[in-house]
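> My structure file final_19.pdb, PDB, C-alpha atoms, is below:
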ATOM      1  CA  MET A   1       4.742  36.172 -29.196
ATOM      2  CA  LYS A   2       2.512  35.844 -26.208
ATOM      3  CA  THR A   3       0.795  32.503 -25.916
ATOM      4  CA  ARG A   4      -1.675  31.407 -23.312
ATOM      5  CA  VAL A   5      -2.088  27.824 -22.229
ATOM      6  CA  TYR A   6      -5.295  26.952 -20.404
ATOM      7  CA  VAL A   7      -5.059  23.769 -18.357
ATOM      8  CA  THR A   8      -8.360  22.332 -17.176
ATOM      9  CA  LEU A   9      -9.436  19.113 -15.514
ATOM     10  CA  LYS A  10     -10.964  16.551 -17.821
ATOM     11  CA  ASN A  11     -14.694  16.110 -17.713
ATOM     12  CA  GLY A  12     -15.666  13.598 -15.086
ATOM     13  CA  VAL A  13     -12.581  14.240 -12.948
ATOM     14  CA  LEU A  14     -13.714  15.451  -9.536
ATOM     15  CA  ASP A  15     -12.581  19.023  -8.901
ATOM     16  CA  PRO A  16     -12.465  19.573  -5.131
ATOM     17  CA  GLN A  17     -11.229  23.164  -5.557
ATOM     18  CA  GLY A  18     -14.052  24.020  -7.934
ATOM     19  CA  LYS A  19     -16.505  22.506  -5.473
ATOM     20  CA  ALA A  20     -15.088  24.557  -2.585
ATOM     21  CA  ILE A  21     -15.235  27.764  -4.661
ATOM     22  CA  HIS A  22     -18.808  26.940  -5.633
ATOM     23  CA  HIS A  23     -19.685  26.414  -1.988
ATOM     24  CA  ALA A  24     -18.042  29.717  -1.009
ATOM     25  CA  LEU A  25     -19.923  31.614  -3.715
ATOM     26  CA  GLU A  26     -23.189  30.201  -2.418
ATOM     27  CA  GLY A  27     -22.131  31.174   1.086
ATOM     28  CA  LEU A  28     -21.683  34.748  -0.137
ATOM     29  CA  GLY A  29     -25.239  34.727  -1.409
ATOM     30  CA  PHE A  30     -24.539  34.399  -5.140
ATOM     31  CA  SER A  31     -27.297  32.218  -6.490
ATOM     32  CA  GLY A  32     -27.593  30.635  -9.905
ATOM     33  CA  VAL A  33     -24.068  29.226 -10.043
ATOM     34  CA  ASN A  34     -24.629  25.748 -11.421
ATOM     35  CA  ASP A  35     -21.076  24.476 -11.297
ATOM     36  CA  VAL A  36     -17.477  25.693 -10.876
ATOM     37  CA  ARG A  37     -14.380  24.152 -12.397
ATOM     38  CA  ALA A  38     -10.968  25.603 -11.503
ATOM     39  CA  GLY A  39      -8.025  25.465 -13.872
ATOM     40  CA  LYS A  40      -4.722  27.150 -14.624
ATOM     41  CA  LEU A  41      -3.670  29.839 -17.037
ATOM     42  CA  ILE A  42      -0.011  29.746 -18.044
ATOM     43  CA  GLU A  43       1.331  32.649 -20.104
ATOM     44  CA  LEU A  44       4.332  32.010 -22.304
ATOM     45  CA  ASP A  45       6.359  34.704 -24.012
ATOM     46  CA  LEU A  46       7.788  32.891 -27.016
ATOM     47  CA  ALA A  47      10.309  33.635 -29.714
ATOM     48  CA  ASP A  48       8.780  33.924 -33.184
ATOM     49  CA  ASN A  49      10.224  30.614 -34.351
ATOM     50  CA  VAL A  50       8.430  28.571 -31.672
ATOM     51  CA  GLY A  51       5.629  26.798 -33.485
ATOM     52  CA  ASP A  52       2.333  25.307 -32.409
ATOM     53  CA  ALA A  53       3.804  21.816 -32.369
ATOM     54  CA  ASP A  54       6.459  22.974 -29.890
ATOM     55  CA  VAL A  55       3.866  24.485 -27.570
ATOM     56  CA  GLU A  56       1.795  21.328 -27.784
ATOM     57  CA  ALA A  57       4.866  19.271 -26.870
ATOM     58  CA  MET A  58       5.445  21.553 -23.858
ATOM     59  CA  CYS A  59       1.869  20.949 -22.751
ATOM     60  CA  ARG A  60       2.086  17.188 -23.119
ATOM     61  CA  LYS A  61       5.502  16.882 -21.445
ATOM     62  CA  LEU A  62       5.074  19.268 -18.549
ATOM     63  CA  LEU A  63       2.352  21.897 -18.450
ATOM     64  CA  ALA A  64      -0.569  19.463 -18.321
ATOM     65  CA  ASN A  65      -0.846  15.994 -16.830
ATOM     66  CA  MET A  66      -2.675  14.125 -19.552
ATOM     67  CA  VAL A  67      -4.031  11.579 -17.062
ATOM     68  CA  ILE A  68      -6.334  14.163 -15.522
ATOM     69  CA  GLU A  69      -6.054  17.384 -17.516
ATOM     70  CA  ASN A  70      -6.768  18.881 -20.934
ATOM     71  CA  PHE A  71      -5.076  21.921 -22.400
ATOM     72  CA  ARG A  72      -5.985  24.628 -24.860
ATOM     73  CA  ILE A  73      -3.439  26.849 -26.596
ATOM     74  CA  GLU A  74      -4.303  30.435 -27.459
ATOM     75  CA  ARG A  75      -1.932  32.586 -29.484
ATOM     76  CA  VAL A  76      -2.267  36.233 -28.530
ATOM     77  CA  ALA A  77      -1.337  38.534 -31.393
ATOM     78  CA  ASP A  78      -1.521  41.664 -29.277
ATOM     79  CA  ALA A  79       1.687  42.056 -27.262
ATOM     80  CA  ALA A  80      -0.080  44.118 -24.592
ATOM     81  CA  PRO A  81       0.132  42.519 -21.147
ATOM     82  CA  ALA A  82      -2.888  40.592 -19.984
ATOM     83  CA  ALA A  83      -5.124  42.521 -17.627
TER      84      ALA A  83
ATOM     85  CA  MET B   1      21.361  -3.686   1.190
ATOM     86  CA  LYS B   2      22.887  -0.867  -0.802
ATOM     87  CA  SER B   3      20.365   1.917  -0.968
ATOM     88  CA  ALA B   4      20.110   5.532  -2.026
ATOM     89  CA  VAL B   5      17.682   8.262  -1.050
ATOM     90  CA  ILE B   6      17.073  10.974  -3.630
ATOM     91  CA  VAL B   7      16.975  14.510  -2.233
ATOM     92  CA  PHE B   8      15.096  17.290  -4.031
ATOM     93  CA  PRO B   9      14.838  20.902  -2.975
ATOM     94  CA  GLY B  10      11.820  20.746  -0.682
ATOM     95  CA  SER B  11      12.166  17.085   0.326
ATOM     96  CA  ASN B  12      11.519  16.818   4.058
ATOM     97  CA  CYS B  13      11.236  13.094   4.751
ATOM     98  CA  ASP B  14      14.579  12.167   3.214
ATOM     99  CA  ARG B  15      16.343  11.915   6.569
ATOM    100  CA  ASP B  16      13.479  10.004   8.190
ATOM    101  CA  LEU B  17      13.646   7.495   5.344
ATOM    102  CA  ALA B  18      17.436   7.244   5.696
ATOM    103  CA  VAL B  19      17.125   6.628   9.442
ATOM    104  CA  ALA B  20      14.531   3.908   8.871
ATOM    105  CA  LEU B  21      16.665   2.199   6.219
ATOM    106  CA  GLU B  22      19.767   2.308   8.387
ATOM    107  CA  GLU B  23      17.881   1.179  11.484
ATOM    108  CA  VAL B  24      16.510  -1.903   9.739
ATOM    109  CA  SER B  25      19.340  -2.818   7.366
ATOM    110  CA  GLY B  26      22.352  -1.645   9.385
ATOM    111  CA  THR B  27      23.669   0.174   6.333
ATOM    112  CA  ARG B  28      23.426   3.899   5.840
ATOM    113  CA  PRO B  29      21.888   4.878   2.520
ATOM    114  CA  ILE B  30      23.697   7.196   0.126
ATOM    115  CA  MET B  31      21.956  10.555  -0.167
ATOM    116  CA  VAL B  32      21.796  11.601  -3.844
ATOM    117  CA  TRP B  33      21.110  15.215  -4.808
ATOM    118  CA  HIS B  34      18.582  15.673  -7.607
ATOM    119  CA  ARG B  35      21.114  17.368  -9.918
ATOM    120  CA  GLU B  36      23.141  14.168 -10.226
ATOM    121  CA  THR B  37      23.032  12.520 -13.637
ATOM    122  CA  GLU B  38      24.294   9.157 -12.411
ATOM    123  CA  LEU B  39      23.465   6.934  -9.467
ATOM    124  CA  PRO B  40      26.002   5.044  -7.341
ATOM    125  CA  GLU B  41      26.865   1.608  -8.731
ATOM    126  CA  GLY B  42      25.120  -1.544  -7.584
ATOM    127  CA  LEU B  43      22.082  -0.118  -5.816
ATOM    128  CA  ASP B  44      19.491  -2.559  -4.465
ATOM    129  CA  LEU B  45      16.976   0.108  -3.522
ATOM    130  CA  ILE B  46      16.202   3.710  -4.450
ATOM    131  CA  GLY B  47      14.036   5.734  -2.069
ATOM    132  CA  VAL B  48      12.088   8.717  -3.403
ATOM    133  CA  PRO B  49      11.100  10.526  -0.214
ATOM    134  CA  GLY B  50       8.181  12.624   0.931
ATOM    135  CA  GLY B  51       8.118  16.379   1.095
ATOM    136  CA  PHE B  52       7.139  19.279  -1.079
ATOM    137  CA  SER B  53       9.678  19.214  -3.871
ATOM    138  CA  TYR B  54       9.800  22.549  -5.688
ATOM    139  CA  GLY B  55       7.033  23.813  -3.427
ATOM    140  CA  ASP B  56       4.560  21.612  -5.309
ATOM    141  CA  TYR B  57       4.728  24.168  -8.156
ATOM    142  CA  LEU B  58       2.591  23.388 -11.207
ATOM    143  CA  ARG B  59       1.523  20.001  -9.781
ATOM    144  CA  SER B  60       2.908  17.962  -6.880
ATOM    145  CA  GLY B  61       5.920  16.071  -8.188
ATOM    146  CA  ALA B  62       5.821  17.583 -11.696
ATOM    147  CA  MET B  63       9.077  19.520 -11.402
ATOM    148  CA  ALA B  64      10.957  16.782  -9.556
ATOM    149  CA  ALA B  65       9.886  14.259 -12.197
ATOM    150  CA  ASN B  66      11.958  16.282 -14.667
ATOM    151  CA  SER B  67      15.046  16.584 -12.455
ATOM    152  CA  PRO B  68      18.243  15.173 -13.994
ATOM    153  CA  VAL B  69      18.454  12.352 -11.439
ATOM    154  CA  MET B  70      15.122  10.895 -12.519
ATOM    155  CA  ARG B  71      16.556   9.663 -15.804
ATOM    156  CA  PRO B  72      18.944   7.174 -14.141
ATOM    157  CA  VAL B  73      16.219   6.351 -11.602
ATOM    158  CA  LYS B  74      13.931   5.392 -14.505
ATOM    159  CA  ASP B  75      16.696   3.344 -16.111
ATOM    160  CA  ALA B  76      17.337   1.548 -12.811
ATOM    161  CA  ALA B  77      13.617   0.847 -12.361
ATOM    162  CA  ASP B  78      13.517  -0.594 -15.890
ATOM    163  CA  ARG B  79      16.423  -2.879 -14.967
ATOM    164  CA  GLY B  80      14.420  -4.150 -11.993
ATOM    165  CA  VAL B  81      16.023  -2.192  -9.145
ATOM    166  CA  ALA B  82      13.520  -1.679  -6.311
ATOM    167  CA  VAL B  83      12.161   1.876  -6.136
ATOM    168  CA  LEU B  84      10.132   3.031  -3.133
ATOM    169  CA  GLY B  85       8.233   6.303  -3.484
ATOM    170  CA  ILE B  86       6.555   7.637  -0.370
ATOM    171  CA  CYS B  87       4.044  10.516  -0.399
ATOM    172  CA  ASN B  88       5.673  13.175  -2.610
ATOM    173  CA  GLY B  89       7.770  10.263  -3.887
ATOM    174  CA  PHE B  90       4.566   8.537  -5.055
ATOM    175  CA  GLN B  91       3.486  11.769  -6.762
ATOM    176  CA  ILE B  92       6.878  12.014  -8.481
ATOM    177  CA  LEU B  93       6.704   8.391  -9.673
ATOM    178  CA  THR B  94       3.275   8.932 -11.254
ATOM    179  CA  GLU B  95       4.507  12.148 -12.886
ATOM    180  CA  THR B  96       7.479  10.297 -14.397
ATOM    181  CA  GLY B  97       5.169   7.577 -15.692
ATOM    182  CA  LEU B  98       6.806   4.833 -13.624
ATOM    183  CA  LEU B  99       3.406   4.301 -12.023
ATOM    184  CA  PRO B 100      -0.005   4.845 -13.649
ATOM    185  CA  GLY B 101      -2.592   7.408 -12.587
ATOM    186  CA  ALA B 102      -2.269  10.716 -10.782
ATOM    187  CA  LEU B 103      -2.593  12.127  -7.273
ATOM    188  CA  MET B 104      -5.012  14.984  -7.086
ATOM    189  CA  ARG B 105      -6.040  17.434  -4.373
ATOM    190  CA  ASN B 106      -7.742  15.623  -1.457
ATOM    191  CA  ALA B 107     -11.477  15.393  -2.015
ATOM    192  CA  GLY B 108     -12.125  17.237   1.257
ATOM    193  CA  ILE B 109      -9.688  20.039   0.254
ATOM    194  CA  SER B 110      -7.985  19.867   3.660
ATOM    195  CA  PHE B 111      -4.483  18.674   4.333
ATOM    196  CA  VAL B 112      -4.856  15.308   6.085
ATOM    197  CA  CYS B 113      -2.311  14.524   8.799
ATOM    198  CA  ARG B 114      -3.173  11.563  11.017
ATOM    199  CA  ASP B 115      -2.645   7.867  11.610
ATOM    200  CA  VAL B 116      -4.806   5.874   9.233
ATOM    201  CA  PRO B 117      -5.813   2.215   9.265
ATOM    202  CA  LEU B 118      -4.736   0.359   6.135
ATOM    203  CA  THR B 119      -5.229  -3.094   4.734
ATOM    204  CA  VAL B 120      -2.328  -4.894   3.107
ATOM    205  CA  GLU B 121      -3.878  -6.121  -0.116
ATOM    206  CA  ASN B 122      -0.971  -7.945  -1.666
ATOM    207  CA  SER B 123       1.723  -9.655   0.375
ATOM    208  CA  GLN B 124       3.560 -11.041  -2.640
ATOM    209  CA  SER B 125       5.659  -8.006  -3.576
ATOM    210  CA  VAL B 126       9.219  -7.379  -2.433
ATOM    211  CA  PHE B 127       7.808  -4.514  -0.373
ATOM    212  CA  THR B 128       5.040  -6.382   1.409
ATOM    213  CA  SER B 129       6.325  -9.942   1.808
ATOM    214  CA  ARG B 130       6.595  -9.640   5.597
ATOM    215  CA  TYR B 131       2.918  -8.751   5.917
ATOM    216  CA  GLU B 132      -0.023 -11.125   5.640
ATOM    217  CA  ALA B 133      -2.539 -10.505   2.872
ATOM    218  CA  GLY B 134      -5.485  -8.751   4.495
ATOM    219  CA  GLU B 135      -3.410  -7.628   7.479
ATOM    220  CA  ALA B 136      -4.697  -4.490   9.188
ATOM    221  CA  ILE B 137      -1.966  -1.971   9.947
ATOM    222  CA  THR B 138      -1.783   1.659  11.007
ATOM    223  CA  ILE B 139       0.545   4.120   9.266
ATOM    224  CA  PRO B 140       0.396   7.931   9.311
ATOM    225  CA  VAL B 141      -0.424  10.074   6.307
ATOM    226  CA  ALA B 142       0.421  13.756   5.843
ATOM    227  CA  HIS B 143      -0.612  15.107   2.470
ATOM    228  CA  HIS B 144      -2.710  17.552   0.523
ATOM    229  CA  ASP B 145      -2.650  15.723  -2.796
ATOM    230  CA  GLY B 146      -3.270  12.057  -2.089
ATOM    231  CA  ASN B 147      -6.472  11.528  -4.006
ATOM    232  CA  TYR B 148      -5.469   8.684  -6.327
ATOM    233  CA  THR B 149      -7.128   8.952  -9.726
ATOM    234  CA  ALA B 150      -6.971   6.757 -12.812
ATOM    235  CA  ASP B 151      -9.447   5.700 -15.452
ATOM    236  CA  GLU B 152     -11.658   2.698 -14.743
ATOM    237  CA  GLU B 153      -9.711   0.472 -17.113
ATOM    238  CA  THR B 154      -6.450   1.211 -15.291
ATOM    239  CA  LEU B 155      -8.078   0.688 -11.893
ATOM    240  CA  ASP B 156      -9.517  -2.659 -13.020
ATOM    241  CA  ARG B 157      -6.124  -3.699 -14.325
ATOM    242  CA  LEU B 158      -4.405  -2.732 -11.055
ATOM    243  CA  GLU B 159      -6.968  -4.743  -9.086
ATOM    244  CA  GLY B 160      -6.910  -7.687 -11.478
ATOM    245  CA  GLU B 161      -3.130  -7.949 -11.455
ATOM    246  CA  GLY B 162      -2.915  -7.661  -7.671
ATOM    247  CA  ARG B 163      -1.040  -4.384  -7.935
ATOM    248  CA  VAL B 164      -2.924  -2.577  -5.191
ATOM    249  CA  ALA B 165      -0.468  -2.987  -2.330
ATOM    250  CA  PHE B 166      -2.252  -0.987   0.358
ATOM    251  CA  ARG B 167      -5.820   0.228   0.721
ATOM    252  CA  TYR B 168      -7.268   2.699   3.221
ATOM    253  CA  ALA B 169      -9.651   0.920   5.588
ATOM    254  CA  GLY B 170     -11.950   3.956   5.355
ATOM    255  CA  PRO B 171     -12.196   7.155   3.324
ATOM    256  CA  VAL B 172      -9.154   9.431   3.767
ATOM    257  CA  ASN B 173      -8.721  11.646   0.726
ATOM    258  CA  GLY B 174     -11.197  10.557  -1.935
ATOM    259  CA  SER B 175      -8.822   8.051  -3.558
ATOM    260  CA  ALA B 176     -10.379   5.845  -6.198
ATOM    261  CA  ARG B 177     -11.246   2.513  -4.568
ATOM    262  CA  ASP B 178      -9.482   3.754  -1.412
ATOM    263  CA  ILE B 179      -6.119   3.007  -2.984
ATOM    264  CA  ALA B 180      -3.202   3.989  -0.749
ATOM    265  CA  GLY B 181      -0.335   2.314  -2.598
ATOM    266  CA  ILE B 182       0.331   0.517  -5.877
ATOM    267  CA  VAL B 183       3.154  -1.355  -7.560
ATOM    268  CA  ASN B 184       4.233  -1.265 -11.194
ATOM    269  CA  GLU B 185       3.846  -4.122 -13.637
ATOM    270  CA  GLY B 186       7.229  -5.570 -12.748
ATOM    271  CA  GLY B 187       6.470  -5.379  -9.030
ATOM    272  CA  ASN B 188       9.726  -3.537  -8.303
ATOM    273  CA  VAL B 189       8.316  -0.006  -7.987
ATOM    274  CA  LEU B 190       6.009   0.889  -5.106
ATOM    275  CA  GLY B 191       4.291   4.229  -4.600
ATOM    276  CA  MET B 192       2.333   4.882  -1.424
ATOM    277  CA  MET B 193       0.931   7.964   0.289
ATOM    278  CA  PRO B 194       1.273   6.735   3.915
ATOM    279  CA  HIS B 195       4.665   7.077   5.614
ATOM    280  CA  PRO B 196       6.008   3.679   6.775
ATOM    281  CA  GLU B 197       9.293   5.345   7.782
ATOM    282  CA  ARG B 198       7.380   7.189  10.509
ATOM    283  CA  MET B 199       6.216   3.933  12.131
ATOM    284  CA  ILE B 200       9.259   1.785  12.694
ATOM    285  CA  GLU B 201       9.589   1.690  16.482
ATOM    286  CA  PRO B 202       7.211   1.848  19.435
ATOM    287  CA  ALA B 203       8.375   5.383  20.269
ATOM    288  CA  HIS B 204       6.778   6.452  16.985
ATOM    289  CA  GLY B 205       3.440   5.287  18.328
ATOM    290  CA  GLY B 206       3.684   1.969  16.521
ATOM    291  CA  ASN B 207       5.957  -0.054  14.291
ATOM    292  CA  ASP B 208       3.654  -1.274  11.538
ATOM    293  CA  GLY B 209       5.898   0.289   8.890
ATOM    294  CA  ARG B 210       8.947  -1.660   9.976
ATOM    295  CA  LYS B 211       7.912  -4.851   8.201
ATOM    296  CA  LEU B 212       8.053  -3.074   4.862
ATOM    297  CA  PHE B 213      11.756  -2.369   5.339
ATOM    298  CA  GLU B 214      12.414  -5.797   6.885
ATOM    299  CA  GLY B 215      10.702  -7.430   3.910
ATOM    300  CA  LEU B 216      12.820  -5.414   1.509
ATOM    301  CA  LEU B 217      15.989  -6.416   3.346
ATOM    302  CA  GLN B 218      14.947 -10.065   3.193
ATOM    303  CA  ALA B 219      13.947  -9.920  -0.465
ATOM    304  CA  ILE B 220      16.828  -7.946  -1.910
ATOM    305  CA  GLY B 221      19.545  -8.398   0.662
TER     306      GLY B 221
END
Rewrite the coordinates I just gave you, this time as structure tokens.

Amino acid sequence: MKTRVYVTLKNGVLDPQGKAIHHALEGLGFSGVNDVRAGKLIELDLADNVGDADVEAMCRKLLANMVIENFRIERVADAAPAA
Amino acid sequence: MKSAVIVFPGSNCDRDLAVALEEVSGTRPIMVWHRETELPEGLDLIGVPGGFSYGDYLRSGAMAANSPVMRPVKDAADRGVAVLGICNGFQILTETGLLPGALMRNAGISFVCRDVPLTVENSQSVFTSRYEAGEAITIPVAHHDGNYTADEETLDRLEGEGRVAFRYAGPVNGSARDIAGIVNEGGNVLGMMPHPERMIEPAHGGNDGRKLFEGLLQAIG
């Protein structure tokens, strides 16, 4: 089963990359962008017997650094590859 | 002083650290590959060197922190063996949980590579005993992810317990409270972004890093 893990910086943690992207968007003339936060998307292809608790353990042990990051787990029922 | 330097794929300051240790102590450190599951017996010091272990994949230091060798390194640190993490080594030590906080992308986005003025905040640790408290020194940095971050409570605790070893004399990378290096609760683990091993003789442009190694030699033989 395909599972997506979204890793994002916690609120209040300065995101220099998001700031630089924001700045670049403004430089390109895109107005109305209030803020940009950059994160990571990690796609896991998991065997059927891997449960939510296992994925959460993966996030806490490796995929996210809980000092600065949050994670969100999304199970994707459709096996089609992500666009 | 019996020392070891851990080598990860992508370490690039391991030999510089070994040269500095041998130069000051007269004894060549044992180079330990990251796949090892045991460390040599009777170590006084473990060096976790700078570099870009695993290409900084996922997060700087995240992969190396899960290398087999880090388990015995953690055990040794818990027993009180001195552990010195420099640059990527500091990142690895925070990722293993041996030191609190995290090192994020520099606030200015750019890689910073230059000599920086530092203040020695605490001269009581085994790493800093040869410096004076408040001493101004210059040590080079070379990093992309040196922006030290921790919650306010942790930062207050570090300050209150005298665990900030080195502080940047001016802004370098956005680090909270300009923190450049910290020690653990037991005082036997130091993580720092600047590279003392690159400042041990006048030919390096200065020798302000030498006292760190001399202090270690004095403190732990």
> For the provided coordinates, the residues matched by the PyMOL selection byres ((chain B and resi 17-34) around 8) should be stated as an MDAnalysis selection string.
chainID B and resid 1:9 13:16 35:36 39 47 49 64 67:70 197 200 210 213:214 217
> Run the PyMOL selection byres ((chain A and resi 56-66) around 9) mentally over the shown coordinates, then write out the matched residues as a ChimeraX atom specification, using the chain letters and numbers from the document.
/A:5,7-8,10,42,51-55,67-73 /B:58-59,62-63,66,95,102
> Which one of A:Asp48, A:Glu74, A:Glu43, A:Asp35 sits closest to Pro16 in chain A if you count all atoms listed in the file?
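Checking each candidate against Pro16 in chain A, we get A:Asp35 as the closest.
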> Translate the ChimeraX specification (/A :<7) & /B into a concrete residue list for this structure, as a PyMOL selection string.
chain B and resi 101-102+105+107-109
> Would you pick out the contacts of Glu121 in chain B at 12 Å or less, using only C-alpha atoms, so that residues sharing its chain but fewer than 5 positions from it are not included, and give the list as a PDB file with C-alpha atoms, keeping the file's coordinate frame?

ATOM      1  CA  PHE B 127       7.808  -4.514  -0.373  1.00  0.00           C
ATOM      2  CA  THR B 128       5.040  -6.382   1.409  1.00  0.00           C
ATOM      3  CA  SER B 129       6.325  -9.942   1.808  1.00  0.00           C
ATOM      4  CA  TYR B 131       2.918  -8.751   5.917  1.00  0.00           C
ATOM      5  CA  GLU B 132      -0.023 -11.125   5.640  1.00  0.00           C
ATOM      6  CA  ALA B 133      -2.539 -10.505   2.872  1.00  0.00           C
ATOM      7  CA  GLY B 134      -5.485  -8.751   4.495  1.00  0.00           C
ATOM      8  CA  GLU B 135      -3.410  -7.628   7.479  1.00  0.00           C
ATOM      9  CA  ALA B 136      -4.697  -4.490   9.188  1.00  0.00           C
ATOM     10  CA  ILE B 137      -1.966  -1.971   9.947  1.00  0.00           C
ATOM     11  CA  LEU B 158      -4.405  -2.732 -11.055  1.00  0.00           C
ATOM     12  CA  GLU B 159      -6.968  -4.743  -9.086  1.00  0.00           C
ATOM     13  CA  GLY B 160      -6.910  -7.687 -11.478  1.00  0.00           C
ATOM     14  CA  GLU B 161      -3.130  -7.949 -11.455  1.00  0.00           C
ATOM     15  CA  GLY B 162      -2.915  -7.661  -7.671  1.00  0.00           C
ATOM     16  CA  ARG B 163      -1.040  -4.384  -7.935  1.00  0.00           C
ATOM     17  CA  VAL B 164      -2.924  -2.577  -5.191  1.00  0.00           C
ATOM     18  CA  ALA B 165      -0.468  -2.987  -2.330  1.00  0.00           C
ATOM     19  CA  PHE B 166      -2.252  -0.987   0.358  1.00  0.00           C
ATOM     20  CA  ARG B 167      -5.820   0.228   0.721  1.00  0.00           C
ATOM     21  CA  TYR B 168      -7.268   2.699   3.221  1.00  0.00           C
ATOM     22  CA  ALA B 169      -9.651   0.920   5.588  1.00  0.00           C
ATOM     23  CA  ASP B 178      -9.482   3.754  -1.412  1.00  0.00           C
ATOM     24  CA  ILE B 179      -6.119   3.007  -2.984  1.00  0.00           C
ATOM     25  CA  ALA B 180      -3.202   3.989  -0.749  1.00  0.00           C
ATOM     26  CA  GLY B 181      -0.335   2.314  -2.598  1.00  0.00           C
ATOM     27  CA  ILE B 182       0.331   0.517  -5.877  1.00  0.00           C
ATOM     28  CA  VAL B 183       3.154  -1.355  -7.560  1.00  0.00           C
TER      29      VAL B 183
END
> Which one of B:Leu84, B:Ala219, B:Ala176, B:Ala150 sits closest to Asn106 in chain B if you count all atoms listed in the file?
B:Ala176
> Between CA of Asp115 in chain B and CA of Pro171 in chain B, what is the distance in Å, rounded to a tenth?
12.7 Å
> Which of these, B:Asn147, B:Asn188, B:Thr154, B:Asn122, has the shortest distance to Gly85 in chain B once you count all atoms listed in the file?
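Counting all atoms listed in the file, the residue closest to Gly85 in chain B is B:Asn188.
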> Enter the distance from CA of Gly27 in chain A to CA of Tyr57 in chain B, in Å, rounded to one decimal.
29.3 Å
> In Å, with one decimal, what is the gap from CA of Ala24 in chain A to CA of Tyr6 in chain A?
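Rounded to one decimal, the two atoms are 23.4 Å apart.
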> Please write range 114-147 of chain B of the preceding block to a file containing C-alpha atoms, as a compact mmCIF listing (two decimals), in the first residue's frame?

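Below you can see result26.txt, which holds the result:
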# COMPACT_ATOMS: atom_id res chain seq x y z
CA ARG B 114 35.03 31.78 6.95
CA ASP B 115 36.96 32.44 10.14
CA VAL B 116 34.58 33.54 12.86
CA PRO B 117 35.23 35.21 16.20
CA LEU B 118 33.95 33.18 19.15
CA THR B 119 33.70 33.68 22.86
CA VAL B 120 34.56 30.83 25.20
CA GLU B 121 31.60 30.83 27.56
CA ASN B 122 32.53 28.02 29.89
CA SER B 123 36.12 27.13 30.71
CA GLN B 124 35.19 24.41 33.19
CA SER B 125 34.62 21.51 30.79
CA VAL B 126 37.22 18.93 29.83
CA PHE B 127 37.16 20.49 26.36
CA THR B 128 37.66 24.11 27.35
CA SER B 129 39.80 24.01 30.50
CA ARG B 130 42.81 25.57 28.75
CA TYR B 131 40.80 28.63 27.75
CA GLU B 132 39.76 31.50 30.00
CA ALA B 133 36.05 32.13 30.46
CA GLY B 134 35.18 35.03 28.16
CA GLU B 135 38.27 34.49 26.01
CA ALA B 136 37.91 35.72 22.43
CA ILE B 137 39.16 33.23 19.86
CA THR B 138 38.93 32.79 16.11
CA ILE B 139 38.03 29.43 14.55
CA PRO B 140 36.77 28.74 11.02
CA VAL B 141 33.30 27.49 10.20
CA ALA B 142 32.21 25.73 7.00
CA HIS B 143 28.59 24.66 7.04
CA HIS B 144 25.17 24.94 5.51
CA ASP B 145 23.19 23.66 8.48
CA GLY B 146 24.58 25.34 11.58
CA ASN B 147 21.53 27.22 12.76
